[in-house]
Amino acid sequence: MTIIDGLPPYLLGFPGPLRDRLVAAVLSGAKTTTTGLLAGYEAEGEPLPRPGDRAALLDSAERAVAVVEVLEVRVLRLGEVDLRHAVDEGEGDASVAEWRSSHEEFWHSAALREELGDPEFTVDEETLVVAERFRVVERLG
């Protein structure tokens, strides 16, 4: 993966149309939050992000397009995600139910299940998620 000036990569979704939409939303200022599965961090052996961490936002071609800074990190149950977080994901969701539906589709995808190493993985109200708030500190290129 591309690393800019020692910064780790900041990856949203999988490469392709989804990542392209998410990166465009970050660059436009519409997307200021993101949500990952705690199980994903555990499967990858990655530490959770911390406020103040900076990373290089990568597009589908794995080019760094911006430097982002983590402002807030919350580990919470999926059932506790609030409307502000859902709207701030910048994907056009007007309710937590809409947000959750699109996220469950992604989290139940074959690609994500493969990444987790669990072909039967599903989420429910109790599933722990990592809710991040971030900001763009520098646009690159």
# chains A, B, ... in the order shown; residues from 1 in each chain; ligands from 1

$ select_by_dssp --residues "stretch 8-129 of chain A" --states "alpha helix (DSSP H)" --output "compact mmCIF listing (two decimals) with N, CA, C and O atoms, in the first residue's frame"
# COMPACT_ATOMS: atom_id res chain seq x y z
N PRO A 17 -16.10 1.48 -7.52
CA PRO A 17 -17.10 2.56 -7.46
C PRO A 17 -17.42 3.02 -6.04
O PRO A 17 -17.58 4.22 -5.81
N LEU A 18 -17.50 2.09 -5.07
CA LEU A 18 -17.81 2.51 -3.70
C LEU A 18 -16.71 3.40 -3.15
O LEU A 18 -16.98 4.50 -2.65
N ARG A 19 -15.46 2.97 -3.26
CA ARG A 19 -14.37 3.80 -2.74
C ARG A 19 -14.33 5.14 -3.47
O ARG A 19 -14.12 6.18 -2.84
N ASP A 20 -14.53 5.13 -4.77
CA ASP A 20 -14.50 6.38 -5.53
C ASP A 20 -15.56 7.36 -5.00
O ASP A 20 -15.29 8.55 -4.84
N ARG A 21 -16.77 6.85 -4.72
CA ARG A 21 -17.84 7.71 -4.18
C ARG A 21 -17.48 8.24 -2.80
O ARG A 21 -17.70 9.42 -2.49
N LEU A 22 -16.93 7.37 -1.96
CA LEU A 22 -16.59 7.78 -0.60
C LEU A 22 -15.47 8.80 -0.58
O LEU A 22 -15.54 9.80 0.15
N VAL A 23 -14.44 8.59 -1.39
CA VAL A 23 -13.33 9.54 -1.46
C VAL A 23 -13.83 10.89 -1.99
O VAL A 23 -13.47 11.94 -1.46
N ALA A 24 -14.67 10.86 -3.01
CA ALA A 24 -15.23 12.11 -3.55
C ALA A 24 -16.04 12.84 -2.47
O ALA A 24 -15.97 14.07 -2.37
N ALA A 25 -16.77 12.10 -1.65
CA ALA A 25 -17.55 12.72 -0.58
C ALA A 25 -16.64 13.35 0.48
O ALA A 25 -16.93 14.42 1.00
N VAL A 26 -15.51 12.69 0.77
CA VAL A 26 -14.54 13.28 1.71
C VAL A 26 -13.98 14.57 1.12
O VAL A 26 -13.94 15.61 1.78
N LEU A 27 -13.56 14.51 -0.13
CA LEU A 27 -12.93 15.68 -0.76
C LEU A 27 -13.91 16.85 -0.92
O LEU A 27 -13.50 18.01 -0.88
N SER A 28 -15.20 16.55 -1.06
CA SER A 28 -16.20 17.61 -1.18
C SER A 28 -16.58 18.21 0.17
O SER A 28 -17.24 19.24 0.23
N LEU A 38 -15.44 -3.45 14.54
CA LEU A 38 -14.37 -3.78 15.47
C LEU A 38 -13.75 -5.12 15.06
O LEU A 38 -12.53 -5.28 15.12
N ALA A 39 -14.57 -6.04 14.58
CA ALA A 39 -14.07 -7.35 14.12
C ALA A 39 -13.06 -7.20 12.99
O ALA A 39 -12.14 -8.01 12.87
N GLY A 40 -13.22 -6.17 12.15
CA GLY A 40 -12.27 -5.93 11.07
C GLY A 40 -10.90 -5.55 11.59
O GLY A 40 -9.88 -6.03 11.09
N TYR A 41 -10.86 -4.69 12.60
CA TYR A 41 -9.58 -4.32 13.21
C TYR A 41 -8.93 -5.55 13.85
O TYR A 41 -7.73 -5.75 13.73
N GLU A 42 -9.75 -6.35 14.52
CA GLU A 42 -9.23 -7.54 15.18
C GLU A 42 -8.70 -8.54 14.16
O GLU A 42 -7.63 -9.12 14.35
N ALA A 43 -9.43 -8.74 13.05
CA ALA A 43 -9.01 -9.70 12.01
C ALA A 43 -7.69 -9.28 11.38
O ALA A 43 -6.86 -10.12 11.02
N GLU A 44 -7.49 -7.97 11.22
CA GLU A 44 -6.27 -7.45 10.59
C GLU A 44 -5.14 -7.25 11.61
O GLU A 44 -4.02 -6.93 11.22
N LEU A 83 -28.19 9.56 14.49
CA LEU A 83 -28.48 10.21 13.22
C LEU A 83 -27.36 11.15 12.79
O LEU A 83 -27.00 11.19 11.61
N ARG A 84 -26.79 11.89 13.71
CA ARG A 84 -25.71 12.82 13.34
C ARG A 84 -24.56 12.07 12.67
O ARG A 84 -24.05 12.48 11.63
N HIS A 85 -24.15 10.95 13.26
CA HIS A 85 -23.06 10.17 12.68
C HIS A 85 -23.47 9.66 11.30
O HIS A 85 -22.69 9.75 10.35
N ALA A 86 -24.66 9.12 11.20
CA ALA A 86 -25.14 8.55 9.93
C ALA A 86 -25.17 9.62 8.83
O ALA A 86 -24.68 9.39 7.71
N VAL A 87 -25.70 10.78 9.12
CA VAL A 87 -25.77 11.86 8.13
C VAL A 87 -24.38 12.35 7.77
O VAL A 87 -24.07 12.59 6.59
N ASP A 88 -23.50 12.46 8.76
CA ASP A 88 -22.15 12.97 8.52
C ASP A 88 -21.28 12.00 7.72
O ASP A 88 -20.19 12.35 7.29
N VAL A 96 -31.18 6.81 10.32
CA VAL A 96 -30.27 5.75 10.76
C VAL A 96 -30.64 4.44 10.06
O VAL A 96 -29.77 3.67 9.69
N ALA A 97 -31.93 4.21 9.83
CA ALA A 97 -32.37 2.97 9.16
C ALA A 97 -31.79 2.90 7.74
O ALA A 97 -31.32 1.83 7.32
N GLU A 98 -31.81 4.00 7.00
CA GLU A 98 -31.22 4.02 5.64
C GLU A 98 -29.72 3.75 5.72
O GLU A 98 -29.18 2.96 4.95
N TRP A 99 -29.06 4.44 6.63
CA TRP A 99 -27.62 4.26 6.82
C TRP A 99 -27.30 2.81 7.14
O TRP A 99 -26.41 2.20 6.55
N ARG A 100 -28.06 2.25 8.07
CA ARG A 100 -27.79 0.88 8.50
C ARG A 100 -28.02 -0.11 7.36
O ARG A 100 -27.24 -1.05 7.20
N SER A 101 -29.05 0.08 6.58
CA SER A 101 -29.34 -0.82 5.46
C SER A 101 -28.17 -0.89 4.49
O SER A 101 -27.73 -1.98 4.10
N SER A 102 -27.64 0.27 4.10
CA SER A 102 -26.52 0.27 3.15
C SER A 102 -25.26 -0.31 3.77
O SER A 102 -24.49 -1.02 3.11
N HIS A 103 -25.04 -0.05 5.05
CA HIS A 103 -23.86 -0.60 5.72
C HIS A 103 -23.98 -2.12 5.90
O HIS A 103 -23.00 -2.84 5.73
N GLU A 104 -25.18 -2.58 6.23
CA GLU A 104 -25.35 -4.03 6.38
C GLU A 104 -25.12 -4.74 5.05
O GLU A 104 -24.54 -5.83 5.02
N GLU A 105 -25.55 -4.12 3.96
CA GLU A 105 -25.30 -4.72 2.64
C GLU A 105 -23.80 -4.90 2.42
O GLU A 105 -23.34 -5.95 1.97
N PHE A 106 -23.01 -3.88 2.77
CA PHE A 106 -21.56 -3.96 2.63
C PHE A 106 -20.98 -4.99 3.60
O PHE A 106 -20.17 -5.83 3.22
N TRP A 107 -21.39 -4.92 4.87
CA TRP A 107 -20.83 -5.81 5.88
C TRP A 107 -21.20 -7.27 5.66
O TRP A 107 -20.53 -8.16 6.15
N ALA A 110 -19.76 -10.73 0.25
CA ALA A 110 -18.78 -11.83 0.18
C ALA A 110 -17.36 -11.31 0.38
O ALA A 110 -16.55 -11.95 1.06
N ALA A 111 -17.07 -10.13 -0.18
CA ALA A 111 -15.71 -9.58 -0.07
C ALA A 111 -15.36 -9.28 1.39
O ALA A 111 -14.25 -9.58 1.85
N LEU A 112 -16.30 -8.70 2.13
CA LEU A 112 -16.00 -8.38 3.52
C LEU A 112 -15.94 -9.65 4.37
O LEU A 112 -15.06 -9.79 5.22
N ARG A 113 -16.84 -10.57 4.11
CA ARG A 113 -16.81 -11.84 4.85
C ARG A 113 -15.48 -12.56 4.61
O ARG A 113 -14.92 -13.15 5.53
N GLU A 114 -14.99 -12.47 3.38
CA GLU A 114 -13.69 -13.10 3.07
C GLU A 114 -12.57 -12.41 3.84
O GLU A 114 -11.70 -13.06 4.40
N GLU A 115 -12.61 -11.08 3.87
CA GLU A 115 -11.59 -10.33 4.61
C GLU A 115 -11.59 -10.69 6.09
O GLU A 115 -10.55 -10.76 6.73
N LEU A 116 -12.79 -10.91 6.64
CA LEU A 116 -12.91 -11.27 8.05
C LEU A 116 -12.60 -12.74 8.30
O LEU A 116 -12.41 -13.15 9.45

$ residues_around --residues "A:Asp5" --least-positions-apart "2" --cutoff "12 Å" --atoms "only C-alpha atoms" --output "PyMOL selection string"
chain A and resi 2-3+7-9+54-56+64+67

$ write_last_selection --atoms "all heavy atoms" --output "compact mmCIF listing (two decimals), in the first residue's frame"
# COMPACT_ATOMS: atom_id res chain seq x y z
N THR A 2 0.36 2.28 -0.57
CA THR A 2 1.09 3.53 -0.66
C THR A 2 1.15 4.19 0.71
O THR A 2 0.15 4.25 1.42
CB THR A 2 0.39 4.49 -1.64
OG1 THR A 2 0.29 3.83 -2.89
CG2 THR A 2 1.15 5.77 -1.79
N ILE A 3 2.33 4.66 1.08
CA ILE A 3 2.46 5.41 2.32
C ILE A 3 3.16 6.73 1.98
O ILE A 3 4.20 6.75 1.34
CB ILE A 3 3.25 4.62 3.38
CG1 ILE A 3 2.51 3.33 3.72
CG2 ILE A 3 3.48 5.47 4.62
CD1 ILE A 3 3.20 2.47 4.73
N LEU A 7 2.98 8.23 6.59
CA LEU A 7 1.59 8.13 7.02
C LEU A 7 1.01 6.79 6.60
O LEU A 7 1.22 6.35 5.47
CB LEU A 7 0.75 9.25 6.42
CG LEU A 7 1.07 10.67 6.86
CD1 LEU A 7 0.19 11.67 6.12
CD2 LEU A 7 0.88 10.81 8.37
N PRO A 8 0.24 6.17 7.47
CA PRO A 8 -0.43 4.93 7.07
C PRO A 8 -1.56 5.24 6.09
O PRO A 8 -2.05 6.37 6.03
CB PRO A 8 -0.99 4.39 8.39
CG PRO A 8 -1.17 5.61 9.24
CD PRO A 8 -0.07 6.56 8.84
N PRO A 9 -2.00 4.25 5.33
CA PRO A 9 -3.10 4.47 4.39
C PRO A 9 -4.43 4.58 5.12
O PRO A 9 -4.65 3.93 6.15
CB PRO A 9 -3.06 3.24 3.49
CG PRO A 9 -2.45 2.19 4.35
CD PRO A 9 -1.46 2.89 5.24
N ARG A 54 -2.96 10.81 11.96
CA ARG A 54 -3.08 11.28 10.57
C ARG A 54 -2.80 10.13 9.63
O ARG A 54 -2.00 9.25 9.94
CB ARG A 54 -2.14 12.44 10.30
CG ARG A 54 -2.59 13.69 11.03
CD ARG A 54 -1.82 14.90 10.62
NE ARG A 54 -2.41 16.07 11.26
CZ ARG A 54 -2.15 17.30 10.91
NH1 ARG A 54 -1.30 17.55 9.92
NH2 ARG A 54 -2.73 18.31 11.52
N ALA A 55 -3.46 10.15 8.48
CA ALA A 55 -3.29 9.08 7.49
C ALA A 55 -3.50 9.65 6.10
O ALA A 55 -4.10 10.72 5.92
CB ALA A 55 -4.29 7.96 7.76
N ALA A 56 -2.99 8.91 5.10
CA ALA A 56 -3.13 9.31 3.70
C ALA A 56 -4.37 8.63 3.12
O ALA A 56 -4.43 7.41 3.05
CB ALA A 56 -1.89 8.90 2.92
N ALA A 64 -2.49 8.61 -3.03
CA ALA A 64 -2.85 9.47 -1.90
C ALA A 64 -3.46 10.75 -2.44
O ALA A 64 -2.86 11.42 -3.28
CB ALA A 64 -1.63 9.78 -1.06
N VAL A 67 -4.60 14.16 3.15
CA VAL A 67 -4.20 13.75 4.50
C VAL A 67 -5.39 14.03 5.40
O VAL A 67 -5.95 15.14 5.38
CB VAL A 67 -2.95 14.52 4.99
CG1 VAL A 67 -2.64 14.16 6.44
CG2 VAL A 67 -1.76 14.24 4.08

$ residues_around --residues "stretch 45-49 of chain A" --least-positions-apart "4" --cutoff "8 Å" --atoms "only C-alpha atoms" --output "PyMOL selection string"
chain A and resi 41+53+70+73

$ select_by_dssp --residues "stretch 16-45 of chain A" --states "strand (DSSP E)" --output "short mmCIF file (atom, residue, chain, number, x, y, z; two decimals) with N, CA, C and O atoms, in the first residue's frame"
data_model
loop_
_atom_site.label_atom_id
_atom_site.label_comp_id
_atom_site.auth_asym_id
_atom_site.auth_seq_id
_atom_site.Cartn_x
_atom_site.Cartn_y
_atom_site.Cartn_z
N THR A 33 -17.41 11.47 8.72
CA THR A 33 -17.40 10.32 9.62
C THR A 33 -17.32 9.05 8.79
O THR A 33 -17.64 9.04 7.60
N THR A 34 -16.92 7.98 9.45
CA THR A 34 -16.92 6.66 8.83
C THR A 34 -17.11 5.63 9.94
O THR A 34 -16.87 5.93 11.12
N THR A 35 -17.54 4.45 9.55
CA THR A 35 -17.81 3.39 10.52
C THR A 35 -17.19 2.10 10.05
O THR A 35 -17.39 1.69 8.90
N GLY A 36 -16.43 1.47 10.91
CA GLY A 36 -15.86 0.16 10.62
C GLY A 36 -16.29 -0.84 11.67
O GLY A 36 -16.81 -0.47 12.72
N LEU A 37 -16.07 -2.09 11.37
CA LEU A 37 -16.37 -3.14 12.32
C LEU A 37 -15.19 -3.36 13.26
O LEU A 37 -14.05 -3.45 12.78
#

$ closest_residue --among "A:Arg135, A:Arg50, A:Lys31, A:Pro119" --to "A:Val75" --atoms "only C-alpha atoms"
A:Arg50

$ closest_residue --among "A:Gly52, A:Gly6, A:Gly13, A:Gly79" --to "A:Val137" --atoms "only C-alpha atoms"
A:Gly52

$ closest_residue --among "A:Val136, A:Leu12, A:Val123, A:Leu128" --to "A:Leu58" --atoms "only C-alpha atoms"
A:Leu12

$ residues_around --residues "A:Phe134" --least-positions-apart "4" --cutoff "6 Å" --atoms "only C-alpha atoms" --output "ChimeraX atom specification"
/A:32,69-71

$ atom_distance --atom1 "atom CA of A:Glu125" --atom2 "atom CA of A:Leu78"
5.2 Å

$ decode --residues "stretch 26-67 of chain A" --atoms "N, CA and C atoms" --output "PDB file, in the first residue's frame"
ATOM      1  N   VAL A  26     -15.513  12.692   0.774  1.00  0.00           N
ATOM      2  CA  VAL A  26     -14.543  13.278   1.710  1.00  0.00           C
ATOM      3  C   VAL A  26     -13.985  14.571   1.120  1.00  0.00           C
ATOM      4  N   LEU A  27     -13.563  14.512  -0.134  1.00  0.00           N
ATOM      5  CA  LEU A  27     -12.933  15.683  -0.764  1.00  0.00           C
ATOM      6  C   LEU A  27     -13.911  16.848  -0.916  1.00  0.00           C
ATOM      7  N   SER A  28     -15.202  16.546  -1.060  1.00  0.00           N
ATOM      8  CA  SER A  28     -16.202  17.613  -1.184  1.00  0.00           C
ATOM      9  C   SER A  28     -16.577  18.208   0.174  1.00  0.00           C
ATOM     10  N   GLY A  29     -16.194  17.530   1.249  1.00  0.00           N
ATOM     11  CA  GLY A  29     -16.549  17.982   2.592  1.00  0.00           C
ATOM     12  C   GLY A  29     -17.834  17.364   3.112  1.00  0.00           C
ATOM     13  N   ALA A  30     -18.524  16.561   2.293  1.00  0.00           N
ATOM     14  CA  ALA A  30     -19.784  15.950   2.718  1.00  0.00           C
ATOM     15  C   ALA A  30     -19.573  14.830   3.725  1.00  0.00           C
ATOM     16  N   LYS A  31     -18.457  14.116   3.623  1.00  0.00           N
ATOM     17  CA  LYS A  31     -18.188  12.963   4.485  1.00  0.00           C
ATOM     18  C   LYS A  31     -17.154  13.339   5.543  1.00  0.00           C
ATOM     19  N   THR A  32     -17.579  13.324   6.799  1.00  0.00           N
ATOM     20  CA  THR A  32     -16.673  13.644   7.906  1.00  0.00           C
ATOM     21  C   THR A  32     -16.672  12.553   8.974  1.00  0.00           C
ATOM     22  N   THR A  33     -17.408  11.473   8.720  1.00  0.00           N
ATOM     23  CA  THR A  33     -17.396  10.325   9.624  1.00  0.00           C
ATOM     24  C   THR A  33     -17.323   9.046   8.791  1.00  0.00           C
ATOM     25  N   THR A  34     -16.917   7.976   9.450  1.00  0.00           N
ATOM     26  CA  THR A  34     -16.919   6.660   8.835  1.00  0.00           C
ATOM     27  C   THR A  34     -17.110   5.631   9.942  1.00  0.00           C
ATOM     28  N   THR A  35     -17.544   4.446   9.547  1.00  0.00           N
ATOM     29  CA  THR A  35     -17.809   3.391  10.519  1.00  0.00           C
ATOM     30  C   THR A  35     -17.190   2.099  10.046  1.00  0.00           C
ATOM     31  N   GLY A  36     -16.431   1.465  10.910  1.00  0.00           N
ATOM     32  CA  GLY A  36     -15.857   0.161  10.622  1.00  0.00           C
ATOM     33  C   GLY A  36     -16.285  -0.839  11.672  1.00  0.00           C
ATOM     34  N   LEU A  37     -16.069  -2.088  11.370  1.00  0.00           N
ATOM     35  CA  LEU A  37     -16.372  -3.144  12.319  1.00  0.00           C
ATOM     36  C   LEU A  37     -15.187  -3.361  13.256  1.00  0.00           C
ATOM     37  N   LEU A  38     -15.437  -3.447  14.541  1.00  0.00           N
ATOM     38  CA  LEU A  38     -14.368  -3.780  15.471  1.00  0.00           C
ATOM     39  C   LEU A  38     -13.746  -5.119  15.061  1.00  0.00           C
ATOM     40  N   ALA A  39     -14.569  -6.042  14.577  1.00  0.00           N
ATOM     41  CA  ALA A  39     -14.072  -7.348  14.125  1.00  0.00           C
ATOM     42  C   ALA A  39     -13.064  -7.201  12.990  1.00  0.00           C
ATOM     43  N   GLY A  40     -13.217  -6.170  12.153  1.00  0.00           N
ATOM     44  CA  GLY A  40     -12.269  -5.932  11.069  1.00  0.00           C
ATOM     45  C   GLY A  40     -10.898  -5.553  11.594  1.00  0.00           C
ATOM     46  N   TYR A  41     -10.860  -4.689  12.598  1.00  0.00           N
ATOM     47  CA  TYR A  41      -9.583  -4.317  13.211  1.00  0.00           C
ATOM     48  C   TYR A  41      -8.935  -5.550  13.846  1.00  0.00           C
ATOM     49  N   GLU A  42      -9.753  -6.346  14.518  1.00  0.00           N
ATOM     50  CA  GLU A  42      -9.233  -7.539  15.178  1.00  0.00           C
ATOM     51  C   GLU A  42      -8.697  -8.542  14.156  1.00  0.00           C
ATOM     52  N   ALA A  43      -9.426  -8.745  13.048  1.00  0.00           N
ATOM     53  CA  ALA A  43      -9.007  -9.700  12.012  1.00  0.00           C
ATOM     54  C   ALA A  43      -7.688  -9.279  11.375  1.00  0.00           C
ATOM     55  N   GLU A  44      -7.486  -7.967  11.217  1.00  0.00           N
ATOM     56  CA  GLU A  44      -6.273  -7.451  10.593  1.00  0.00           C
ATOM     57  C   GLU A  44      -5.139  -7.249  11.609  1.00  0.00           C
ATOM     58  N   GLY A  45      -5.459  -7.370  12.900  1.00  0.00           N
ATOM     59  CA  GLY A  45      -4.458  -7.121  13.926  1.00  0.00           C
ATOM     60  C   GLY A  45      -4.041  -5.665  13.988  1.00  0.00           C
ATOM     61  N   GLU A  46      -4.970  -4.767  13.614  1.00  0.00           N
ATOM     62  CA  GLU A  46      -4.681  -3.327  13.585  1.00  0.00           C
ATOM     63  C   GLU A  46      -5.139  -2.660  14.875  1.00  0.00           C
ATOM     64  N   PRO A  47      -4.350  -1.713  15.371  1.00  0.00           N
ATOM     65  CA  PRO A  47      -4.821  -0.947  16.527  1.00  0.00           C
ATOM     66  C   PRO A  47      -5.937   0.008  16.093  1.00  0.00           C
ATOM     67  N   LEU A  48      -6.791   0.351  17.029  1.00  0.00           N
ATOM     68  CA  LEU A  48      -7.842   1.325  16.728  1.00  0.00           C
ATOM     69  C   LEU A  48      -7.216   2.696  16.500  1.00  0.00           C
ATOM     70  N   PRO A  49      -7.824   3.482  15.620  1.00  0.00           N
ATOM     71  CA  PRO A  49      -7.325   4.850  15.447  1.00  0.00           C
ATOM     72  C   PRO A  49      -7.532   5.640  16.737  1.00  0.00           C
ATOM     73  N   ARG A  50      -6.743   6.705  16.871  1.00  0.00           N
ATOM     74  CA  ARG A  50      -6.850   7.579  18.035  1.00  0.00           C
ATOM     75  C   ARG A  50      -6.945   9.021  17.576  1.00  0.00           C
ATOM     76  N   PRO A  51      -7.633   9.859  18.333  1.00  0.00           N
ATOM     77  CA  PRO A  51      -7.668  11.271  17.974  1.00  0.00           C
ATOM     78  C   PRO A  51      -6.248  11.802  17.795  1.00  0.00           C
ATOM     79  N   GLY A  52      -6.054  12.565  16.735  1.00  0.00           N
ATOM     80  CA  GLY A  52      -4.741  13.118  16.417  1.00  0.00           C
ATOM     81  C   GLY A  52      -3.989  12.307  15.378  1.00  0.00           C
ATOM     82  N   ASP A  53      -4.377  11.035  15.189  1.00  0.00           N
ATOM     83  CA  ASP A  53      -3.734  10.220  14.152  1.00  0.00           C
ATOM     84  C   ASP A  53      -3.973  10.857  12.791  1.00  0.00           C
ATOM     85  N   ARG A  54      -2.962  10.808  11.955  1.00  0.00           N
ATOM     86  CA  ARG A  54      -3.084  11.280  10.574  1.00  0.00           C
ATOM     87  C   ARG A  54      -2.797  10.128   9.632  1.00  0.00           C
ATOM     88  N   ALA A  55      -3.459  10.153   8.475  1.00  0.00           N
ATOM     89  CA  ALA A  55      -3.294   9.083   7.494  1.00  0.00           C
ATOM     90  C   ALA A  55      -3.501   9.650   6.100  1.00  0.00           C
ATOM     91  N   ALA A  56      -2.994   8.911   5.105  1.00  0.00           N
ATOM     92  CA  ALA A  56      -3.130   9.308   3.699  1.00  0.00           C
ATOM     93  C   ALA A  56      -4.366   8.634   3.117  1.00  0.00           C
ATOM     94  N   LEU A  57      -5.351   9.441   2.732  1.00  0.00           N
ATOM     95  CA  LEU A  57      -6.567   8.933   2.095  1.00  0.00           C
ATOM     96  C   LEU A  57      -6.213   8.460   0.697  1.00  0.00           C
ATOM     97  N   LEU A  58      -6.497   7.175   0.413  1.00  0.00           N
ATOM     98  CA  LEU A  58      -6.160   6.598  -0.882  1.00  0.00           C
ATOM     99  C   LEU A  58      -7.398   6.411  -1.739  1.00  0.00           C
ATOM    100  N   ASP A  59      -7.240   6.684  -3.046  1.00  0.00           N
ATOM    101  CA  ASP A  59      -8.331   6.433  -3.988  1.00  0.00           C
ATOM    102  C   ASP A  59      -8.251   4.989  -4.481  1.00  0.00           C
ATOM    103  N   SER A  60      -9.084   4.638  -5.452  1.00  0.00           N
ATOM    104  CA  SER A  60      -9.129   3.252  -5.945  1.00  0.00           C
ATOM    105  C   SER A  60      -7.836   2.812  -6.611  1.00  0.00           C
ATOM    106  N   ALA A  61      -7.065   3.762  -7.122  1.00  0.00           N
ATOM    107  CA  ALA A  61      -5.771   3.440  -7.739  1.00  0.00           C
ATOM    108  C   ALA A  61      -4.652   3.432  -6.692  1.00  0.00           C
ATOM    109  N   GLU A  62      -5.032   3.564  -5.420  1.00  0.00           N
ATOM    110  CA  GLU A  62      -4.107   3.621  -4.295  1.00  0.00           C
ATOM    111  C   GLU A  62      -3.162   4.815  -4.358  1.00  0.00           C
ATOM    112  N   ARG A  63      -3.662   5.908  -4.942  1.00  0.00           N
ATOM    113  CA  ARG A  63      -2.942   7.187  -4.930  1.00  0.00           C
ATOM    114  C   ARG A  63      -3.422   7.979  -3.721  1.00  0.00           C
ATOM    115  N   ALA A  64      -2.493   8.609  -3.026  1.00  0.00           N
ATOM    116  CA  ALA A  64      -2.853   9.471  -1.901  1.00  0.00           C
ATOM    117  C   ALA A  64      -3.463  10.754  -2.443  1.00  0.00           C
ATOM    118  N   VAL A  65      -4.668  11.069  -1.995  1.00  0.00           N
ATOM    119  CA  VAL A  65      -5.365  12.263  -2.481  1.00  0.00           C
ATOM    120  C   VAL A  65      -5.549  13.312  -1.394  1.00  0.00           C
ATOM    121  N   ALA A  66      -5.359  12.924  -0.137  1.00  0.00           N
ATOM    122  CA  ALA A  66      -5.516  13.875   0.970  1.00  0.00           C
ATOM    123  C   ALA A  66      -4.884  13.288   2.225  1.00  0.00           C
ATOM    124  N   VAL A  67      -4.600  14.161   3.152  1.00  0.00           N
ATOM    125  CA  VAL A  67      -4.200  13.749   4.496  1.00  0.00           C
ATOM    126  C   VAL A  67      -5.390  14.031   5.400  1.00  0.00           C
TER     127      VAL A  67
END
